[in-house]
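Chemist: Pasting query28.cif here (mmCIF, C-alpha atoms):
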```cif
data_model
loop_
_atom_site.group_PDB
_atom_site.id
_atom_site.type_symbol
_atom_site.label_atom_id
_atom_site.label_comp_id
_atom_site.auth_asym_id
_atom_site.auth_seq_id
_atom_site.Cartn_x
_atom_site.Cartn_y
_atom_site.Cartn_z
ATOM 1 C CA MET U 1 91.609 108.440 130.077
ATOM 2 C CA ILE U 2 93.792 107.073 127.284
ATOM 3 C CA LEU U 3 92.527 103.883 125.657
ATOM 4 C CA GLY U 4 94.931 101.509 123.944
ATOM 5 C CA HIS U 5 93.648 99.373 121.090
ATOM 6 C CA ILE U 6 94.822 96.331 119.143
ATOM 7 C CA GLY U 7 92.928 95.041 116.100
ATOM 8 C CA VAL U 8 93.574 91.436 114.996
ATOM 9 C CA ARG U 9 91.635 89.369 112.493
ATOM 10 C CA LYS U 10 91.565 85.581 112.395
ATOM 11 C CA GLY U 11 92.450 85.384 108.723
ATOM 12 C CA SER U 12 95.657 86.392 106.947
ATOM 13 C CA LYS U 13 96.473 85.731 103.302
ATOM 14 C CA GLY U 14 100.150 86.711 103.146
ATOM 15 C CA VAL U 15 101.260 84.855 106.297
ATOM 16 C CA PRO U 16 98.665 82.297 107.500
ATOM 17 C CA ARG U 17 97.501 82.861 111.083
ATOM 18 C CA LYS U 18 100.300 85.399 111.515
ATOM 19 C CA ASN U 19 98.688 87.467 114.274
ATOM 20 C CA PHE U 20 98.943 84.596 116.770
ATOM 21 C CA ARG U 21 102.000 82.897 115.288
ATOM 22 C CA SER U 22 104.995 82.578 117.600
ATOM 23 C CA LEU U 23 107.743 85.129 117.034
ATOM 24 C CA LEU U 24 110.806 84.357 119.178
ATOM 25 C CA GLY U 25 108.622 82.487 121.660
ATOM 26 C CA ARG U 26 105.783 85.029 121.910
ATOM 27 C CA PRO U 27 102.626 85.399 119.814
ATOM 28 C CA LEU U 28 103.008 88.242 117.340
ATOM 29 C CA LEU U 29 99.994 89.839 119.058
ATOM 30 C CA ASP U 30 101.913 90.119 122.340
ATOM 31 C CA TRP U 31 104.759 92.184 120.889
ATOM 32 C CA SER U 32 102.249 95.033 120.620
ATOM 33 C CA LEU U 33 99.755 94.142 123.334
ATOM 34 C CA ASP U 34 102.397 93.937 126.061
ATOM 35 C CA ILE U 35 103.609 97.452 125.221
ATOM 36 C CA LEU U 36 100.128 98.860 125.807
ATOM 37 C CA LEU U 37 99.456 96.839 128.958
ATOM 38 C CA ALA U 38 102.750 97.913 130.529
ATOM 39 C CA HIS U 39 102.712 101.533 129.396
ATOM 40 C CA PRO U 40 102.203 103.967 132.300
ATOM 41 C CA ARG U 41 100.194 106.414 130.188
ATOM 42 C CA ILE U 42 97.676 103.871 128.875
ATOM 43 C CA ASP U 43 94.731 103.523 131.259
ATOM 44 C CA ALA U 44 92.856 100.641 129.622
ATOM 45 C CA VAL U 45 93.410 98.310 126.681
ATOM 46 C CA VAL U 46 90.953 96.670 124.297
ATOM 47 C CA VAL U 47 91.546 94.002 121.660
ATOM 48 C CA SER U 48 89.125 93.854 118.729
ATOM 49 C CA THR U 49 89.118 90.427 117.103
ATOM 50 C CA ASP U 50 86.916 87.809 115.478
ATOM 51 C CA ASP U 51 89.091 85.003 116.851
ATOM 52 C CA GLN U 52 87.980 83.333 120.087
ATOM 53 C CA GLU U 53 91.470 82.066 120.969
ATOM 54 C CA MET U 54 93.066 85.504 120.604
ATOM 55 C CA TYR U 55 90.155 87.140 122.437
ATOM 56 C CA ASP U 56 90.454 84.747 125.399
ATOM 57 C CA HIS U 57 94.219 85.257 125.431
ATOM 58 C CA ALA U 58 93.821 89.034 125.547
ATOM 59 C CA ILE U 59 91.139 88.936 128.254
ATOM 60 C CA ALA U 60 93.370 86.721 130.407
ATOM 61 C CA LYS U 61 96.077 89.379 130.146
ATOM 62 C CA GLY U 62 93.708 92.116 131.353
ATOM 63 C CA THR U 63 91.984 93.704 128.345
ATOM 64 C CA LEU U 64 88.404 94.980 128.309
ATOM 65 C CA PRO U 65 85.667 92.347 127.707
ATOM 66 C CA ILE U 66 83.888 93.819 124.660
ATOM 67 C CA GLY U 67 83.107 90.463 123.021
ATOM 68 C CA LEU U 68 84.058 89.329 119.545
ATOM 69 C CA ARG U 69 84.080 91.765 116.650
ATOM 70 C CA PRO U 70 80.824 91.858 114.603
ATOM 71 C CA ASP U 71 80.882 89.762 111.432
ATOM 72 C CA HIS U 72 80.718 92.758 109.084
ATOM 73 C CA LEU U 73 83.956 94.045 110.615
ATOM 74 C CA ALA U 74 85.738 90.697 110.344
ATOM 75 C CA THR U 75 86.126 90.381 106.572
ATOM 76 C CA ASP U 76 89.358 91.026 104.690
ATOM 77 C CA ARG U 77 87.663 94.086 103.160
ATOM 78 C CA ALA U 78 86.732 95.689 106.488
ATOM 79 C CA ALA U 79 88.414 99.072 106.876
ATOM 80 C CA LYS U 80 90.397 100.086 109.935
ATOM 81 C CA TRP U 81 88.219 103.109 110.739
ATOM 82 C CA PRO U 82 84.889 101.373 111.548
ATOM 83 C CA VAL U 83 86.779 98.751 113.557
ATOM 84 C CA TRP U 84 88.275 101.550 115.643
ATOM 85 C CA GLN U 85 84.873 103.204 116.032
ATOM 86 C CA HIS U 86 83.261 99.990 117.237
ATOM 87 C CA ALA U 87 86.031 99.286 119.762
ATOM 88 C CA HIS U 88 85.937 102.881 121.009
ATOM 89 C CA GLU U 89 82.158 102.818 121.507
ATOM 90 C CA ALA U 90 82.117 99.371 123.133
ATOM 91 C CA SER U 91 84.908 100.372 125.505
ATOM 92 C CA ALA U 92 83.242 103.673 126.416
ATOM 93 C CA GLU U 93 80.204 101.736 127.655
ATOM 94 C CA LEU U 94 82.429 99.741 130.016
ATOM 95 C CA LEU U 95 84.706 102.552 131.184
ATOM 96 C CA GLY U 96 82.117 105.244 131.874
ATOM 97 C CA GLU U 97 84.794 107.921 131.599
ATOM 98 C CA ALA U 98 85.597 110.369 128.827
ATOM 99 C CA GLN U 99 88.593 109.404 126.733
ATOM 100 C CA THR U 100 91.289 111.935 125.878
ATOM 101 C CA ALA U 101 93.088 109.797 123.283
ATOM 102 C CA PHE U 102 92.682 106.523 121.414
ATOM 103 C CA VAL U 103 96.004 104.766 120.754
ATOM 104 C CA ASP U 104 96.197 101.974 118.199
ATOM 105 C CA LEU U 105 99.181 99.683 117.551
ATOM 106 C CA ASP U 106 99.234 97.383 114.518
ATOM 107 C CA VAL U 107 100.406 93.894 115.459
ATOM 108 C CA THR U 108 102.223 93.670 112.128
ATOM 109 C CA CYS U 109 104.751 96.322 113.263
ATOM 110 C CA PRO U 110 106.480 94.638 116.239
ATOM 111 C CA LEU U 111 109.742 96.579 115.965
ATOM 112 C CA ARG U 112 108.283 99.739 117.465
ATOM 113 C CA GLU U 113 109.332 100.531 121.026
ATOM 114 C CA PRO U 114 107.451 101.935 124.061
ATOM 115 C CA ALA U 115 109.208 105.268 123.485
ATOM 116 C CA ASP U 116 107.432 105.550 120.132
ATOM 117 C CA VAL U 117 104.104 105.528 121.960
ATOM 118 C CA ASP U 118 105.360 108.254 124.301
ATOM 119 C CA ARG U 119 106.613 110.442 121.477
ATOM 120 C CA ALA U 120 103.445 110.065 119.465
ATOM 121 C CA LEU U 121 101.362 110.981 122.534
ATOM 122 C CA ASP U 122 103.589 113.983 123.248
ATOM 123 C CA LEU U 123 103.138 115.169 119.664
ATOM 124 C CA PHE U 124 99.367 114.676 119.841
ATOM 125 C CA PHE U 125 98.933 116.685 123.046
ATOM 126 C CA ALA U 126 101.358 119.403 121.906
ATOM 127 C CA GLU U 127 99.928 119.936 118.410
ATOM 128 C CA HIS U 128 96.259 118.937 118.969
ATOM 129 C CA PRO U 129 95.685 117.377 115.536
ATOM 130 C CA ASP U 130 92.819 115.042 114.772
ATOM 131 C CA MET U 131 95.299 112.209 114.498
ATOM 132 C CA VAL U 132 98.996 111.407 114.730
ATOM 133 C CA MET U 133 100.056 108.670 112.312
ATOM 134 C CA SER U 134 103.427 106.937 112.348
ATOM 135 C CA CYS U 135 105.393 107.270 109.133
ATOM 136 C CA THR U 136 108.908 106.773 107.867
ATOM 137 C CA GLU U 137 110.635 108.531 105.006
ATOM 138 C CA ALA U 138 109.933 106.519 101.866
ATOM 139 C CA ARG U 139 112.823 104.603 100.320
ATOM 140 C CA LYS U 140 111.377 105.164 96.841
ATOM 141 C CA ASN U 141 109.975 108.474 95.653
ATOM 142 C CA PRO U 142 107.172 108.920 93.058
ATOM 143 C CA TYR U 143 108.781 112.167 91.876
ATOM 144 C CA PHE U 144 112.077 110.421 91.144
ATOM 145 C CA ASN U 145 112.352 106.620 91.070
ATOM 146 C CA LEU U 146 108.825 105.203 91.203
ATOM 147 C CA VAL U 147 107.599 104.520 87.676
ATOM 148 C CA GLU U 148 104.392 103.270 86.096
ATOM 149 C CA PRO U 149 103.460 102.078 82.605
ATOM 150 C CA ASP U 150 101.278 104.053 80.210
ATOM 151 C CA GLU U 151 98.707 102.484 77.860
ATOM 152 C CA THR U 152 101.534 101.282 75.558
ATOM 153 C CA GLY U 153 103.504 99.678 78.382
ATOM 154 C CA ALA U 154 106.218 102.348 78.339
ATOM 155 C CA LEU U 155 107.456 103.504 81.759
ATOM 156 C CA HIS U 156 107.209 107.044 83.104
ATOM 157 C CA VAL U 157 107.899 108.664 86.463
ATOM 158 C CA SER U 158 104.732 108.331 88.566
ATOM 159 C CA LYS U 159 104.520 112.024 89.549
ATOM 160 C CA PRO U 160 106.587 114.043 87.058
ATOM 161 C CA LEU U 161 107.506 117.619 87.890
ATOM 162 C CA PRO U 162 107.736 120.310 85.167
ATOM 163 C CA ASP U 163 111.526 120.583 85.351
ATOM 164 C CA GLY U 164 112.160 116.959 86.230
ATOM 165 C CA VAL U 165 114.189 115.551 89.121
ATOM 166 C CA VAL U 166 117.711 114.296 88.470
ATOM 167 C CA ALA U 167 118.690 113.547 92.084
ATOM 168 C CA ARG U 168 116.663 112.086 94.948
ATOM 169 C CA GLN U 169 117.567 115.045 97.150
ATOM 170 C CA GLN U 170 115.685 117.359 94.764
ATOM 171 C CA ALA U 171 112.413 115.456 95.097
ATOM 172 C CA PRO U 172 109.700 116.501 97.573
ATOM 173 C CA ILE U 173 109.715 114.437 100.770
ATOM 174 C CA VAL U 174 107.199 111.606 100.814
ATOM 175 C CA TYR U 175 106.462 109.226 103.666
ATOM 176 C CA GLU U 176 105.469 105.610 103.995
ATOM 177 C CA HIS U 177 102.510 105.098 106.304
ATOM 178 C CA VAL U 178 103.516 102.405 108.819
ATOM 179 C CA GLY U 179 101.536 100.693 111.557
ATOM 180 C CA GLY U 180 103.785 101.655 114.449
ATOM 181 C CA VAL U 181 101.416 103.878 116.410
ATOM 182 C CA TYR U 182 98.313 105.978 115.836
ATOM 183 C CA VAL U 183 96.939 108.507 118.317
ATOM 184 C CA VAL U 184 93.408 109.639 117.536
ATOM 185 C CA SER U 185 91.144 112.273 119.030
ATOM 186 C CA PRO U 186 88.026 110.518 120.383
ATOM 187 C CA SER U 187 85.745 113.254 119.035
ATOM 188 C CA TYR U 188 87.294 112.855 115.581
ATOM 189 C CA LEU U 189 86.915 109.089 115.811
ATOM 190 C CA ARG U 190 83.211 109.467 116.574
ATOM 191 C CA THR U 191 82.416 111.909 113.766
ATOM 192 C CA ALA U 192 84.800 111.285 110.841
ATOM 193 C CA THR U 193 84.254 108.612 108.202
ATOM 194 C CA SER U 194 87.882 107.795 107.378
ATOM 195 C CA LEU U 195 91.463 108.325 108.546
ATOM 196 C CA TYR U 196 92.116 111.376 106.380
ATOM 197 C CA ASP U 197 88.951 113.443 106.904
ATOM 198 C CA GLY U 198 90.692 115.829 109.286
ATOM 199 C CA ARG U 199 94.175 117.071 110.165
ATOM 200 C CA VAL U 200 96.491 114.062 110.283
ATOM 201 C CA ILE U 201 100.149 114.729 111.084
ATOM 202 C CA PRO U 202 103.146 112.379 110.947
ATOM 203 C CA TYR U 203 105.167 110.934 113.767
ATOM 204 C CA ILE U 204 108.417 109.984 112.053
ATOM 205 C CA MET U 205 109.937 106.625 112.977
ATOM 206 C CA PRO U 206 113.347 105.390 111.811
ATOM 207 C CA PRO U 207 113.274 102.707 109.113
ATOM 208 C CA GLU U 208 114.720 100.035 111.403
ATOM 209 C CA ARG U 209 111.568 100.228 113.571
ATOM 210 C CA SER U 210 109.079 100.697 110.726
ATOM 211 C CA LEU U 211 108.813 97.323 109.015
ATOM 212 C CA ASP U 212 105.336 95.837 108.612
ATOM 213 C CA ILE U 213 104.926 92.063 108.292
ATOM 214 C CA ASP U 214 102.935 91.371 105.129
ATOM 215 C CA SER U 215 104.814 88.330 103.790
ATOM 216 C CA GLU U 216 107.037 85.445 104.854
ATOM 217 C CA PHE U 217 110.024 87.504 103.701
ATOM 218 C CA ASP U 218 108.979 90.345 106.022
ATOM 219 C CA TRP U 219 108.610 87.841 108.873
ATOM 220 C CA THR U 220 112.154 86.571 108.320
ATOM 221 C CA VAL U 221 113.603 90.081 108.263
ATOM 222 C CA VAL U 222 111.722 91.222 111.374
ATOM 223 C CA GLU U 223 112.683 88.055 113.250
ATOM 224 C CA ALA U 224 116.353 88.640 112.418
ATOM 225 C CA LEU U 225 116.179 92.276 113.545
ATOM 226 C CA LEU U 226 114.518 91.315 116.831
ATOM 227 C CA LYS U 227 117.175 88.665 117.466
ATOM 228 C CA HIS U 228 119.866 91.251 116.830
ATOM 229 C CA ARG U 229 118.164 93.696 119.193
ATOM 230 C CA GLN U 230 117.930 91.102 121.949
ATOM 231 C CA SER U 231 121.603 90.166 121.588
ATOM 232 C CA SER U 232 122.872 93.760 121.600
#
```
Show how you would write the structure in this file as structure tokens.

Modeler:
Amino acid sequence: MILGHIGVRKGSKGVPRKNFRSLLGRPLLDWSLDILLAHPRIDAVVVSTDDQEMYDHAIAKGTLPIGLRPDHLATDRAAKWPVWQHAHEASAELLGEAQTAFVDLDVTCPLREPADVDRALDLFFAEHPDMVMSCTEARKNPYFNLVEPDETGALHVSKPLPDGVVARQQAPIVYEHVGGVYVVSPSYLRTATSLYDGRVIPYIMPPERSLDIDSEFDWTVVEALLKHRQSS
């Protein structure tokens, strides 16, 4: 039993009401939810939300009826991990069947494709980590071209190496964590207290599918990329 999960809050500071805002004629929520509902390897889907309109919308499309998210998990300071734990536990009570994987898609990453879910699942079942987390190679590197000010305001490389780095290719590889797809072991989800307690390995996505919508600028870029994809 593989459970698919979507977490969507009512509030959003960067882009007001973004999770249910129309993106090319579909709510942003549906760009992720429809992938899970149509995916042949996902057995059931749950949407965790504090928003009645989004909850009713998801239930009408066939998600599990777990009710609205508890208030303490609906603030802008609520972490992802306890939200996942609550949804996992509430769904387990309805399903009555042991889960083999918990798959989460962030609604803010609508450029991912169904094949990304497949590849992340394949990696999870081949490597047996506690969690597979989607990443992309970072455009900026703290060993080379990310800088931070000291107490005087002077800039320095964020993570200097003893011999320095004069070319990006010399710097250690670092990844950006993106919300494309997470695959989590149910036993790890029940017992750990945060994402990084156990063995978390990356599923690498290309940059053109790894943009997260956190601002109006991001929305404009993602919308343009989706239009281009649809016209290709």

Chemist: Calculate, to one decimal in Å, the centre and edge lengths of the box along x, y and z of the file that holds all listed atoms of region 220-229 of chain U with 5 Å of margin on each side, and present them as AutoDock Vina command-line options.

Modeler:
```
--center_x 115.8 --center_y 90.1 --center_z 113.7 --size_x 18.1 --size_y 17.1 --size_z 20.9
```

Chemist: Nearest to Phe124 (chain U): which of U:Asp218, U:Ile173, U:Ala101, U:Leu33 is it, counting only C-alpha atoms?

Modeler: U:Ala101

Chemist: If you measure from CA of Lys140 (chain U) to CA of Tyr175 (chain U), what distance in Å do you get, rounded to one decimal?

Modeler: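 Taking CA of Lys140 (chain U) as the start and CA of Tyr175 (chain U) as the end point, the length is 9.3 Å.
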
Chemist: Do you know which residues the PyMOL selection byres ((chain U and resi 23) around 12) returns on this file, as a ChimeraX atom specification?

Modeler: /U:18-22,24-32,107-108,110-111,213,219-227

Chemist: Could you write out that same residue set with C-alpha atoms as a compact mmCIF listing (two decimals), in the coordinates of the input?

Modeler:
```
# COMPACT_ATOMS: atom_id res chain seq x y z
CA LYS U 18 100.30 85.40 111.52
CA ASN U 19 98.69 87.47 114.27
CA PHE U 20 98.94 84.60 116.77
CA ARG U 21 102.00 82.90 115.29
CA SER U 22 105.00 82.58 117.60
CA LEU U 24 110.81 84.36 119.18
CA GLY U 25 108.62 82.49 121.66
CA ARG U 26 105.78 85.03 121.91
CA PRO U 27 102.63 85.40 119.81
CA LEU U 28 103.01 88.24 117.34
CA LEU U 29 99.99 89.84 119.06
CA ASP U 30 101.91 90.12 122.34
CA TRP U 31 104.76 92.18 120.89
CA SER U 32 102.25 95.03 120.62
CA VAL U 107 100.41 93.89 115.46
CA THR U 108 102.22 93.67 112.13
CA PRO U 110 106.48 94.64 116.24
CA LEU U 111 109.74 96.58 115.96
CA ILE U 213 104.93 92.06 108.29
CA TRP U 219 108.61 87.84 108.87
CA THR U 220 112.15 86.57 108.32
CA VAL U 221 113.60 90.08 108.26
CA VAL U 222 111.72 91.22 111.37
CA GLU U 223 112.68 88.06 113.25
CA ALA U 224 116.35 88.64 112.42
CA LEU U 225 116.18 92.28 113.54
CA LEU U 226 114.52 91.32 116.83
CA LYS U 227 117.18 88.66 117.47
```

Chemist: Can you write out as CSV which residues of region 39-87 of chain U fall within 12 Å of region 179-184 of chain U, alongside each residue's closest atom pair and its distance in Å to one decimal, counting only C-alpha atoms and ordering rows by chain and ascending residue number?

Modeler:
```
residue,atom,partner,partner_atom,distance
U:Ile42,CA,U:Val183,CA,11.6
U:Lys80,CA,U:Gly179,CA,11.3
U:Trp81,CA,U:Val184,CA,10.8
U:Trp84,CA,U:Val184,CA,9.8
U:Gln85,CA,U:Val184,CA,10.8
```

Chemist: For the PyMOL selection byres ((chain U and resi 3-7) around 8), applied here, can you spell out every residue it catches as a list in words?

Modeler: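 For this structure, the PyMOL selection byres ((chain U and resi 3-7) around 8) resolves to Met1, Ile2, Val8, Arg9, Ser32, Leu33, Leu36, Ile42, Asp43, Ala44, Val45, Val46, Val47, Ser48, Thr49, Val83, Trp84, Ala87, Gln99, Ala101, Phe102, Val103, Asp104, Leu105, Asp106 and Val107 of chain U.
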
Chemist: List the spatial neighbours of Thr191 (chain U) as a list in words - criterion: any atom at most 12 Å away, all atoms listed in the file, same-chain residues fewer than 5 positions off excluded.

Modeler: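 The filter keeps Trp81, Pro82, Gln85, Glu89, Asp130, Val184, Ser185, Pro186, Asp197 and Gly198 of chain U.
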
Chemist: Considering all atoms listed in the file, state which residue in the set U:Arg139, U:Pro16, U:Arg112, U:Lys10 is at the smallest distance from Gln52 (chain U).

Modeler: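 Ranking U:Arg139, U:Pro16, U:Arg112, U:Lys10 by distance to Gln52 (chain U), first place goes to U:Lys10.
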
Chemist: Of the residues U:Asp56, U:His88, U:Met131, U:His39, which is the one nearest to Arg190 (chain U), using all atoms listed in the file?

Modeler: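 Going through U:Asp56, U:His88, U:Met131, U:His39 one by one, the smallest distance to Arg190 (chain U) is for U:His88.
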
Chemist: Quote the spacing between CA of Val165 (chain U) and CA of Cys135 (chain U) in Å to one decimal place.

Modeler: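 One can read the CA of Val165 (chain U) to CA of Cys135 (chain U) distance as 23.4 Å.
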
Chemist: Grab the CA of Asn141 (chain U) to CA of Pro206 (chain U) distance for me, in Å with one decimal place.

Modeler: 16.8 Å

Chemist: In terms of the shortest atom-to-atom distance over all atoms listed in the file, which of U:Gly96, U:Gly67, U:Pro129, U:Pro142 is closest to Tyr203 (chain U)?

Modeler: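 That would be U:Pro129, the residue with the smallest distance to Tyr203 (chain U).
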
Chemist: Could you check which of U:His156, U:His86, U:Arg41, U:His177 is closest to Leu121 (chain U), using all atoms listed in the file?

Modeler: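 Of U:His156, U:His86, U:Arg41, U:His177, the one nearest Leu121 (chain U) is U:Arg41, counting all atoms listed in the file.
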
Chemist: If the PyMOL selection byres ((chain U and resi 172) around 12) were run on this exact file, what residues would it hold? Put them as a PDB file with C-alpha atoms, in the coordinates of the input.

Modeler:
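So result05.pdb came out as:
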```
ATOM      1  CA  GLU U 137     110.635 108.531 105.006  1.00  0.00           C
ATOM      2  CA  ALA U 138     109.933 106.519 101.866  1.00  0.00           C
ATOM      3  CA  LYS U 140     111.377 105.164  96.841  1.00  0.00           C
ATOM      4  CA  ASN U 141     109.975 108.474  95.653  1.00  0.00           C
ATOM      5  CA  PRO U 142     107.172 108.920  93.058  1.00  0.00           C
ATOM      6  CA  TYR U 143     108.781 112.167  91.876  1.00  0.00           C
ATOM      7  CA  PHE U 144     112.077 110.421  91.144  1.00  0.00           C
ATOM      8  CA  LYS U 159     104.520 112.024  89.549  1.00  0.00           C
ATOM      9  CA  PRO U 160     106.587 114.043  87.058  1.00  0.00           C
ATOM     10  CA  LEU U 161     107.506 117.619  87.890  1.00  0.00           C
ATOM     11  CA  GLY U 164     112.160 116.959  86.230  1.00  0.00           C
ATOM     12  CA  VAL U 165     114.189 115.551  89.121  1.00  0.00           C
ATOM     13  CA  ALA U 167     118.690 113.547  92.084  1.00  0.00           C
ATOM     14  CA  ARG U 168     116.663 112.086  94.948  1.00  0.00           C
ATOM     15  CA  GLN U 169     117.567 115.045  97.150  1.00  0.00           C
ATOM     16  CA  GLN U 170     115.685 117.359  94.764  1.00  0.00           C
ATOM     17  CA  ALA U 171     112.413 115.456  95.097  1.00  0.00           C
ATOM     18  CA  ILE U 173     109.715 114.437 100.770  1.00  0.00           C
ATOM     19  CA  VAL U 174     107.199 111.606 100.814  1.00  0.00           C
ATOM     20  CA  TYR U 175     106.462 109.226 103.666  1.00  0.00           C
TER      21      TYR U 175
END
```

Chemist: Tell me which of U:His228, U:Arg199, U:His57, U:Arg209 sits closest to Pro114 (chain U), counting all atoms listed in the file.

Modeler: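 Nearest candidate to Pro114 (chain U) out of U:His228, U:Arg199, U:His57, U:Arg209: U:Arg209.
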